[in-house]
Structure formats: C-alpha cells, structure tokens
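**Student:** The structure file protein-v4.txt (compact mmCIF, C-alpha atoms) is provided below.
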```
# COMPACT_ATOMS: atom_id res chain seq x y z
CA MET O 1 -7.11 -303.25 76.62
CA LYS O 2 -5.85 -304.99 79.76
CA LYS O 3 -4.68 -307.92 77.63
CA ILE O 4 -2.73 -305.57 75.35
CA ILE O 5 -1.02 -303.94 78.34
CA ILE O 6 -0.11 -307.34 79.77
CA ASN O 7 1.35 -308.40 76.43
CA ILE O 8 3.40 -305.20 76.23
CA VAL O 9 4.75 -305.73 79.75
CA LEU O 10 5.63 -309.34 78.96
CA ALA O 11 7.37 -308.25 75.78
CA VAL O 12 9.44 -305.67 77.68
CA VAL O 13 10.38 -308.20 80.37
CA LEU O 14 11.30 -310.80 77.74
CA THR O 15 13.38 -308.28 75.80
CA SER O 16 15.22 -307.23 78.98
CA ALA O 17 15.86 -310.87 79.88
CA VAL O 18 17.18 -311.66 76.41
CA SER O 19 19.38 -308.54 76.54
CA LEU O 20 20.76 -309.56 79.94
CA VAL O 21 21.51 -313.07 78.72
CA TRP O 22 23.20 -311.66 75.60
CA GLN O 23 25.32 -309.27 77.66
CA THR O 24 26.30 -312.07 80.04
CA GLN O 25 27.20 -314.39 77.18
CA ALA O 26 29.15 -311.62 75.46
CA SER O 27 31.04 -310.92 78.68
CA GLU O 28 31.79 -314.62 79.18
CA ALA O 29 32.83 -314.98 75.54
CA ASP O 30 35.53 -312.33 75.96
CA PRO O 31 36.33 -311.81 79.66
CA ARG O 32 39.40 -309.80 78.69
CA GLN O 33 37.30 -306.97 77.30
CA LYS O 34 36.41 -305.54 80.72
CA LEU O 35 39.99 -306.01 81.94
CA SER O 36 41.30 -304.23 78.84
CA GLU O 37 38.92 -301.34 79.44
CA LEU O 38 40.03 -301.02 83.06
CA ALA O 39 43.71 -301.13 82.04
CA LEU O 40 43.07 -297.95 80.01
CA HIS O 41 40.67 -296.31 82.48
CA SER O 42 40.90 -292.57 83.09
CA GLU O 43 41.28 -293.20 86.85
CA ARG O 44 44.74 -294.60 86.05
CA SER O 45 47.69 -292.27 85.53
CA ALA O 46 49.31 -291.91 82.11
CA GLU O 47 52.48 -293.33 83.65
CA HIS O 48 50.69 -296.48 84.78
CA ILE O 49 48.90 -296.91 81.46
CA ALA O 50 52.24 -296.63 79.64
CA ARG O 51 53.40 -299.80 81.42
CA ASN O 52 50.58 -301.89 79.95
CA GLN O 53 52.87 -302.66 77.01
CA TYR O 54 55.28 -304.46 79.35
CA ARG O 55 52.87 -305.98 81.88
CA HIS O 56 49.96 -307.07 79.64
CA PRO O 57 47.43 -306.97 82.50
CA ALA O 58 44.33 -308.17 80.65
CA ASP O 59 46.10 -311.15 79.09
CA THR O 60 47.93 -311.97 82.33
CA LEU O 61 44.80 -311.95 84.51
CA HIS O 62 42.87 -313.90 81.87
CA PHE O 63 45.67 -316.48 81.82
CA PHE O 64 45.40 -316.88 85.59
CA GLY O 65 41.65 -317.48 85.20
CA LEU O 66 40.36 -314.40 87.02
CA LYS O 67 36.55 -314.23 87.27
CA PRO O 68 34.48 -311.30 88.61
CA GLN O 69 32.88 -313.51 91.32
CA MET O 70 36.17 -314.51 92.93
CA SER O 71 37.65 -313.72 96.32
CA VAL O 72 41.17 -312.54 95.49
CA LEU O 73 44.23 -311.65 97.57
CA GLU O 74 46.83 -309.38 95.99
CA VAL O 75 50.13 -309.54 97.84
CA TRP O 76 52.22 -306.39 98.30
CA PRO O 77 50.46 -304.17 95.74
CA GLY O 78 52.98 -301.32 96.11
CA ARG O 79 51.58 -298.27 94.31
CA GLY O 80 48.51 -300.24 93.29
CA TRP O 81 49.31 -300.74 89.62
CA TYR O 82 47.30 -303.97 89.48
CA THR O 83 44.90 -302.93 92.26
CA GLU O 84 43.55 -300.26 89.91
CA ILE O 85 42.35 -303.05 87.63
CA LEU O 86 41.47 -305.76 90.14
CA ALA O 87 39.37 -303.68 92.54
CA PRO O 88 36.81 -302.28 90.08
CA TYR O 89 36.68 -305.63 88.25
CA LEU O 90 35.76 -307.49 91.45
CA LYS O 91 33.76 -304.86 93.34
CA GLU O 92 30.27 -305.85 92.13
CA GLN O 93 30.36 -309.63 92.49
CA GLY O 94 33.65 -310.57 94.13
CA GLN O 95 36.03 -309.31 96.79
CA LEU O 96 39.57 -307.97 96.64
CA THR O 97 41.85 -308.08 99.65
CA ILE O 98 45.28 -306.49 99.52
CA ALA O 99 48.12 -307.66 101.76
CA GLN O 100 50.05 -304.47 102.41
CA PHE O 101 53.55 -303.83 103.71
CA SER O 102 53.72 -303.18 107.45
CA HIS O 103 52.66 -299.64 108.33
CA ASP O 104 55.18 -297.36 110.00
CA ASP O 105 54.25 -296.94 113.64
CA GLY O 106 57.46 -295.06 114.34
CA THR O 107 59.50 -298.15 115.12
CA LEU O 108 60.71 -298.99 111.60
CA LYS O 109 64.47 -298.53 111.22
CA ASP O 110 65.17 -299.94 107.77
CA GLU O 111 64.92 -297.28 105.04
CA ARG O 112 63.46 -299.69 102.51
CA ALA O 113 60.78 -300.76 105.01
CA LYS O 114 59.94 -297.08 105.61
CA PHE O 115 59.64 -296.51 101.85
CA TRP O 116 57.33 -299.50 101.45
CA ALA O 117 55.25 -298.32 104.40
CA ARG O 118 54.79 -294.94 102.69
CA LEU O 119 53.61 -296.70 99.53
CA SER O 120 51.07 -298.69 101.54
CA ALA O 121 49.78 -295.58 103.30
CA GLU O 122 49.45 -293.67 100.03
CA LEU O 123 47.54 -296.54 98.39
CA SER O 124 45.19 -296.83 101.38
CA GLU O 125 44.48 -293.09 101.20
CA ARG O 126 43.79 -293.28 97.49
CA ILE O 127 41.39 -296.22 97.87
CA ALA O 128 39.47 -294.32 100.53
CA ALA O 129 39.34 -291.16 98.41
CA GLN O 130 38.23 -292.98 95.25
CA GLN O 131 35.83 -295.52 96.69
CA HIS O 132 33.47 -294.92 93.78
CA TYR O 133 36.11 -296.54 91.58
CA PHE O 134 37.81 -299.07 93.86
CA GLY O 135 34.76 -300.20 95.82
CA THR O 136 35.31 -301.85 99.20
CA VAL O 137 38.83 -303.27 99.34
CA GLN O 138 39.78 -305.29 102.41
CA GLN O 139 43.27 -304.47 103.71
CA VAL O 140 45.65 -306.40 105.95
CA GLU O 141 49.34 -306.12 106.81
CA PHE O 142 51.57 -308.94 105.64
CA GLU O 143 55.21 -309.25 106.67
CA PRO O 144 56.24 -312.85 106.06
CA PRO O 145 57.30 -314.91 107.81
CA TYR O 146 57.34 -312.80 110.98
CA PHE O 147 53.82 -311.45 110.85
CA GLN O 148 50.85 -313.16 109.27
CA PRO O 149 47.48 -311.39 108.98
CA ALA O 150 44.36 -312.66 110.69
CA LEU O 151 42.92 -314.31 107.60
CA ALA O 152 40.87 -317.48 107.52
CA ALA O 153 42.47 -320.57 106.04
CA GLU O 154 41.36 -321.47 102.51
CA GLN O 155 39.35 -318.26 102.07
CA PHE O 156 40.68 -317.13 98.68
CA ASP O 157 39.92 -318.44 95.21
CA MET O 158 43.05 -316.77 93.91
CA VAL O 159 46.24 -315.22 95.28
CA LEU O 160 48.27 -312.93 93.02
CA SER O 161 51.91 -311.91 93.46
CA PHE O 162 53.63 -309.58 91.02
CA ARG O 163 57.43 -309.29 91.28
CA ASN O 164 57.66 -310.10 94.99
CA ALA O 165 59.26 -313.55 95.10
CA HIS O 166 62.82 -312.23 94.68
CA ILE O 167 62.41 -310.17 97.85
CA TRP O 168 61.19 -313.18 99.82
CA ASP O 169 64.11 -315.22 98.49
CA GLU O 170 66.58 -312.44 99.27
CA ARG O 171 65.33 -312.44 102.86
CA GLY O 172 65.54 -316.23 103.10
CA HIS O 173 61.87 -317.06 103.47
CA LEU O 174 60.57 -317.83 99.97
CA SER O 175 59.42 -321.29 101.04
CA ALA O 176 57.79 -320.07 104.26
CA THR O 177 55.91 -317.35 102.41
CA LEU O 178 54.69 -319.72 99.70
CA GLN O 179 53.49 -322.04 102.47
CA ALA O 180 51.55 -319.18 104.07
CA LEU O 181 49.91 -318.38 100.73
CA TYR O 182 49.15 -322.05 100.12
CA ASP O 183 47.25 -322.20 103.40
CA LEU O 184 45.12 -319.18 102.42
CA ILE O 185 43.98 -320.61 99.09
CA ALA O 186 40.89 -322.79 98.85
CA PRO O 187 41.39 -326.30 97.39
CA GLY O 188 41.32 -325.99 93.61
CA GLY O 189 42.30 -322.32 93.88
CA VAL O 190 45.05 -320.51 92.00
CA LEU O 191 48.36 -318.86 92.81
CA GLY O 192 49.26 -316.49 89.96
CA LEU O 193 52.89 -315.44 90.08
CA VAL O 194 54.88 -313.04 87.91
CA GLU O 195 58.59 -312.66 88.60
CA HIS O 196 61.79 -311.30 87.04
CA ARG O 197 63.43 -314.25 85.25
CA ALA O 198 67.14 -315.04 85.46
CA ALA O 199 69.24 -316.02 82.46
CA THR O 200 69.14 -319.80 81.99
CA LEU O 201 72.46 -321.40 81.06
CA SER O 202 71.36 -325.03 81.11
CA ASP O 203 68.78 -327.31 82.70
CA THR O 204 70.63 -327.06 85.99
CA THR O 205 72.31 -323.65 86.01
CA SER O 206 71.35 -320.01 85.63
CA VAL O 207 72.73 -316.53 86.29
CA ALA O 208 70.64 -314.42 88.64
CA VAL O 209 71.89 -310.88 89.17
CA GLU O 210 70.04 -308.65 91.65
CA GLY O 211 66.26 -308.97 91.46
CA TYR O 212 66.11 -311.97 89.13
CA LEU O 213 65.18 -315.57 90.02
CA ASP O 214 65.63 -318.84 88.19
CA GLU O 215 62.27 -320.09 86.87
CA ALA O 216 62.93 -323.75 87.67
CA TYR O 217 63.89 -322.76 91.21
CA VAL O 218 60.64 -320.84 91.76
CA ILE O 219 58.58 -323.73 90.40
CA ALA O 220 60.40 -326.20 92.64
CA ALA O 221 59.86 -323.98 95.70
CA ALA O 222 56.12 -323.76 95.02
CA GLU O 223 55.79 -327.48 94.36
CA GLN O 224 57.66 -328.25 97.58
CA VAL O 225 54.87 -326.65 99.66
CA GLY O 226 52.14 -328.47 97.74
CA PHE O 227 51.27 -326.39 94.67
CA GLU O 228 50.98 -327.99 91.25
CA LEU O 229 52.18 -326.09 88.19
CA ALA O 230 49.14 -325.84 85.93
CA GLU O 231 50.62 -323.76 83.14
CA ARG O 232 53.34 -321.26 82.30
CA SER O 233 53.12 -318.39 79.83
CA GLU O 234 55.46 -316.15 77.86
CA ILE O 235 53.00 -313.22 78.01
CA ASN O 236 55.52 -311.12 79.94
CA ALA O 237 58.70 -312.31 78.24
CA ASN O 238 61.18 -309.69 77.01
CA LEU O 239 63.94 -311.03 74.76
CA ARG O 240 65.70 -307.63 74.77
CA ASP O 241 66.54 -308.03 78.46
CA THR O 242 70.15 -309.27 78.67
CA LYS O 243 69.88 -309.65 82.48
CA ASP O 244 73.46 -308.53 83.10
CA HIS O 245 72.85 -304.94 84.17
CA PRO O 246 75.04 -303.10 86.74
CA LYS O 247 72.23 -302.85 89.30
CA GLY O 248 70.34 -305.91 88.19
CA VAL O 249 66.68 -305.58 87.39
CA TYR O 250 66.54 -302.14 89.03
CA THR O 251 68.65 -300.77 86.16
CA LEU O 252 65.63 -301.11 83.89
CA PRO O 253 62.33 -299.19 83.90
CA PRO O 254 60.46 -298.26 85.93
CA THR O 255 63.25 -297.81 88.53
CA LEU O 256 66.13 -296.74 86.22
CA ALA O 257 68.57 -296.94 89.13
CA LEU O 258 71.48 -295.51 87.12
CA GLY O 259 69.64 -292.25 86.53
CA ASN O 260 70.65 -290.66 83.21
CA TYR O 261 73.53 -293.07 82.59
CA ASN O 262 72.64 -295.07 79.45
CA ARG O 263 69.03 -294.10 80.12
CA GLU O 264 67.95 -294.35 76.49
CA LEU O 265 69.48 -297.83 76.22
CA TYR O 266 67.61 -299.15 79.25
CA GLN O 267 64.36 -297.50 78.22
CA ALA O 268 64.70 -299.15 74.83
CA ILE O 269 65.09 -302.54 76.53
CA GLY O 270 61.94 -301.89 78.55
CA GLU O 271 60.89 -303.69 81.71
CA SER O 272 62.46 -307.01 82.67
CA ASP O 273 61.95 -310.43 81.15
CA ARG O 274 59.39 -312.17 83.38
CA MET O 275 58.12 -315.64 84.09
CA THR O 276 54.32 -315.96 84.38
CA LEU O 277 53.31 -319.04 86.34
CA LYS O 278 49.88 -320.43 87.21
CA PHE O 279 49.83 -322.83 90.15
CA ILE O 280 46.87 -324.81 91.48
CA LYS O 281 46.27 -325.97 95.04
CA PRO O 282 45.11 -329.60 94.63
CA ALA O 283 41.38 -330.07 95.17
CA ASN O 284 42.09 -332.55 97.96
CA GLY O 285 44.72 -330.30 99.58
CA ARG O 286 47.54 -332.33 101.02
```
Rewrite the structure of this file - the entire thing - as structure tokens.
**Tutor:**
Amino acid sequence: MKKIIINIVLAVVLTSAVSLVWQTQASEADPRQKLSELALHSERSAEHIARNQYRHPADTLHFFGLKPQMSVLEVWPGRGWYTEILAPYLKEQGQLTIAQFSHDDGTLKDERAKFWARLSAELSERIAAQQHYFGTVQQVEFEPPYFQPALAAEQFDMVLSFRNAHIWDERGHLSATLQALYDLIAPGGVLGLVEHRAATLSDTTSVAVEGYLDEAYVIAAAEQVGFELAERSEINANLRDTKDHPKGVYTLPPTLALGNYNRELYQAIGESDRMTLKFIKPANGR
C-alpha cells in the first residue's frame, strides 16, 4: 500500500514537472503571446487599446528583446500607455522602473512642464491604486540634462523610450540625454527607441516639421555616445503620414491639435510614421 502511494505521489510530481516544462517552453516559443494578452487586458482603457493598431506593442517589445526577468527603465511614460503592459509583464521575475517628469512642487512656471507633472502624478496614483495589476514599480524623476536620478550605473538590462527624442532635441540636449541613458545600461544591454520619423529627401537631407526627427540623425547621435545600432524595424511605419501637417506630428492622433478641422482626414491617416531602433551597449563598454 505504501509503495502504491509513493508511486502515485511520484507520478503527480512528474506530471507537474512535465507540465511546468511544457508551459515554460510554450512561453519561450512565443514570448509575444503574453504581451499580446496584456495589450488587450481589461485593466487598459478602450482608448488605449484602440491605439494598439498604430503602436504594435507586442511586436515592438519582442523586437527589442524584452524578457520577463529583465530590469527595465521606461523613460517618460506619460499616461502609462506602455507601462500598462511592461509592469505586469515584469512584476513576477523582473523589475520595471519608470523615469517620470519632474513633479510640481509649486515652483514650475512652464505650462507644458505643469501638464507633464500632472500626467506623472496621475500615473503614480493609478499604480498605487492598482498594485494588484502593476506590481511594485520603482519611480524616479528624470529631467535631463539638469537633473539625473540617483540610479546606479549599468543597472538596467534595457532602457525604453517612446516618442521622447524629439523633445530632447528640441531642448538641445539629445546627446547629453543619450549619454545619461548609456551610462545606466549594463554592457550588452539594449536601448529601444521609437520616434516620429521625418520625411527623407536623400541620403543627406530630410524635412522635419514639428515633432519629427531624421532617422539617420538619431542613429548618429546614439552612436556618438557609444551605442551600436543592432537592428531597425518598420513595425511602426505609416506610409499614409505625409509629414507636412500644419502643427507637425501633433496634428495627427492622438493629439489632433487642429480640433475638428479636417479631423476625419487626420484620423484616417492615423498616428505618425515612426522609426523603431534597437541599440546595444557594447559588452566591453567603451
């Protein structure tokens, strides 16, 4: 009788182990499945889910090489569109840190800075209220190049920036900010960057209205601080975007800066044409 019980227990343990291995292999075989599920999760608003068609989050994060065990820094998450996917994906085995806009302590004068501060505060409140979904998300303030957070050098496996580089360039510190991010990434780690892409006229010229950047220029700026371009993707390309809009990229969704003027036209175009670039910090640093 005792032998039968032992055999049953062993069978159950073996079955559980085989099931775990199968689940792990299945997950590794298609890492995009979990990301796709999170992109459609009920914790996300219908408005955010509607943007999946333009931002292709599962394919984009898979392209960057995101793994659930990674330590990841998301820079300037805004309303948390990507945070809603990254945080639950990383919460069990990895760690997400978000580099927020500076909070408003009453001294901010610039209206845009105040707006960004409100976004940061709202996202922080939401993360705290929905910890069951987001898990523990580390948060720091990041205002390059004037204020750098107290983060350890080379602590992140991956740094992600979605549509921020044009702001850094507009303010004149694209290179300094890329250098700060380079220093935070571990050797062999990844910088994943998505940015509005300017119209290319030739190998040496482009037209960049408000909010757009030339792809070759962004690549050169990243390489100048030490990154190596590993791969580029057309996942977030949009051939309908003519890139000559009255208020630049902000004319298009989701901002629709012209209000009801030609609204149907700009909604039909969709969100901007975007470069998707994967950079590597060399294993030996520099």
**Student:** Extending 6 Å beyond the listed atoms of region 41-50 of chain O on each side, what axis-aligned box results? I want centre and edge lengths in Å to one decimal, as JSON.
**Tutor:**
```
{"center_x": 46.6, "center_y": -294.4, "center_z": 83.2, "size_x": 23.8, "size_y": 17.0, "size_z": 19.2}
```
**Student:** Looking at O:Glu264, O:Asp183, O:Glu234, O:Glu210, which one is nearest to Pro282 (chain O), with distances taken over all atoms listed in the file?
**Tutor:**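 Of all the options, O:Asp183 lies closest to Pro282 (chain O).
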**Student:** Do you know which residues are at most 9 Å from region 32-41 of chain O counting all atoms listed in the file, after dropping those on the same chain fewer than 5 positions away, and could you put them as a PyMOL selection string?
**Tutor:** chain O and resi 27+46+48-49+52+56-59+61-62+82+84-86+88-89
**Student:** Output C-alpha atoms of each residue in that selection to a file, as a CSV table (one decimal), in the coordinates of the input.
**Tutor:**
```csv
chain,number,residue,atom,x,y,z
O,27,SER,CA,31.0,-310.9,78.7
O,46,ALA,CA,49.3,-291.9,82.1
O,48,HIS,CA,50.7,-296.5,84.8
O,49,ILE,CA,48.9,-296.9,81.5
O,52,ASN,CA,50.6,-301.9,80.0
O,56,HIS,CA,50.0,-307.1,79.6
O,57,PRO,CA,47.4,-307.0,82.5
O,58,ALA,CA,44.3,-308.2,80.6
O,59,ASP,CA,46.1,-311.2,79.1
O,61,LEU,CA,44.8,-312.0,84.5
O,62,HIS,CA,42.9,-313.9,81.9
O,82,TYR,CA,47.3,-304.0,89.5
O,84,GLU,CA,43.6,-300.3,89.9
O,85,ILE,CA,42.4,-303.0,87.6
O,86,LEU,CA,41.5,-305.8,90.1
O,88,PRO,CA,36.8,-302.3,90.1
O,89,TYR,CA,36.7,-305.6,88.2
```
**Student:** By how many Å are CA of Leu181 (chain O) and CA of Asn238 (chain O) apart?
**Tutor:**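 Atom-to-atom, CA of Leu181 (chain O) to CA of Asn238 (chain O), that is 27.7 Å.
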**Student:** When you draw a straight line from CA of Ile185 (chain O) to CA of Gln93 (chain O), how long is it in Å?
**Tutor:**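 CA of Gln93 (chain O) lies at a distance of 18.7 Å from CA of Ile185 (chain O).
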**Student:** Looking at only C-alpha atoms, which of O:Asp105, O:Glu154, O:Glu271, O:Glu170 is the one that sits closest to Leu239 (chain O)?
**Tutor:**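 The closest residue to Leu239 (chain O) is O:Glu271.
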**Student:** Which of these residues is nearest to Gln53 (chain O), using only C-alpha atoms: O:Gln95, O:Asn262, O:Thr200, O:Ile235?
**Tutor:** O:Ile235
**Student:** How many Å separate CA of Leu252 (chain O) from CA of Gly270 (chain O)?
**Tutor:** 6.5 Å
**Student:** Residues near Gly248 (chain O), anyone? I mean within 8 Å using only C-alpha atoms, not counting same-chain ones fewer than 6 positions away, as a PyMOL selection string.
**Tutor:** chain O and resi 209-212
**Student:** Considering only C-alpha atoms, can you say which of O:Gln267, O:Ser120, O:Thr136, O:Thr60 comes closest to Leu96 (chain O)?
**Tutor:**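 Closest to Leu96 (chain O) of all the choices is O:Thr136.
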**Student:** Between O:Glu47, O:Asp244, O:Glu195, O:Glu92, which one has atoms that come closest to Trp168 (chain O), using all atoms listed in the file?
**Tutor:**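 Among the listed residues, the smallest separation from Trp168 (chain O) belongs to O:Glu195.
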**Student:** Select all residues near (50.1, -316.1, 90.3) (cut-off 7 Å, inclusive, file coordinates), counting all atoms listed in the file, and output them as a PyMOL selection string.
**Tutor:** chain O and resi 64+159-161+190-194+277-279
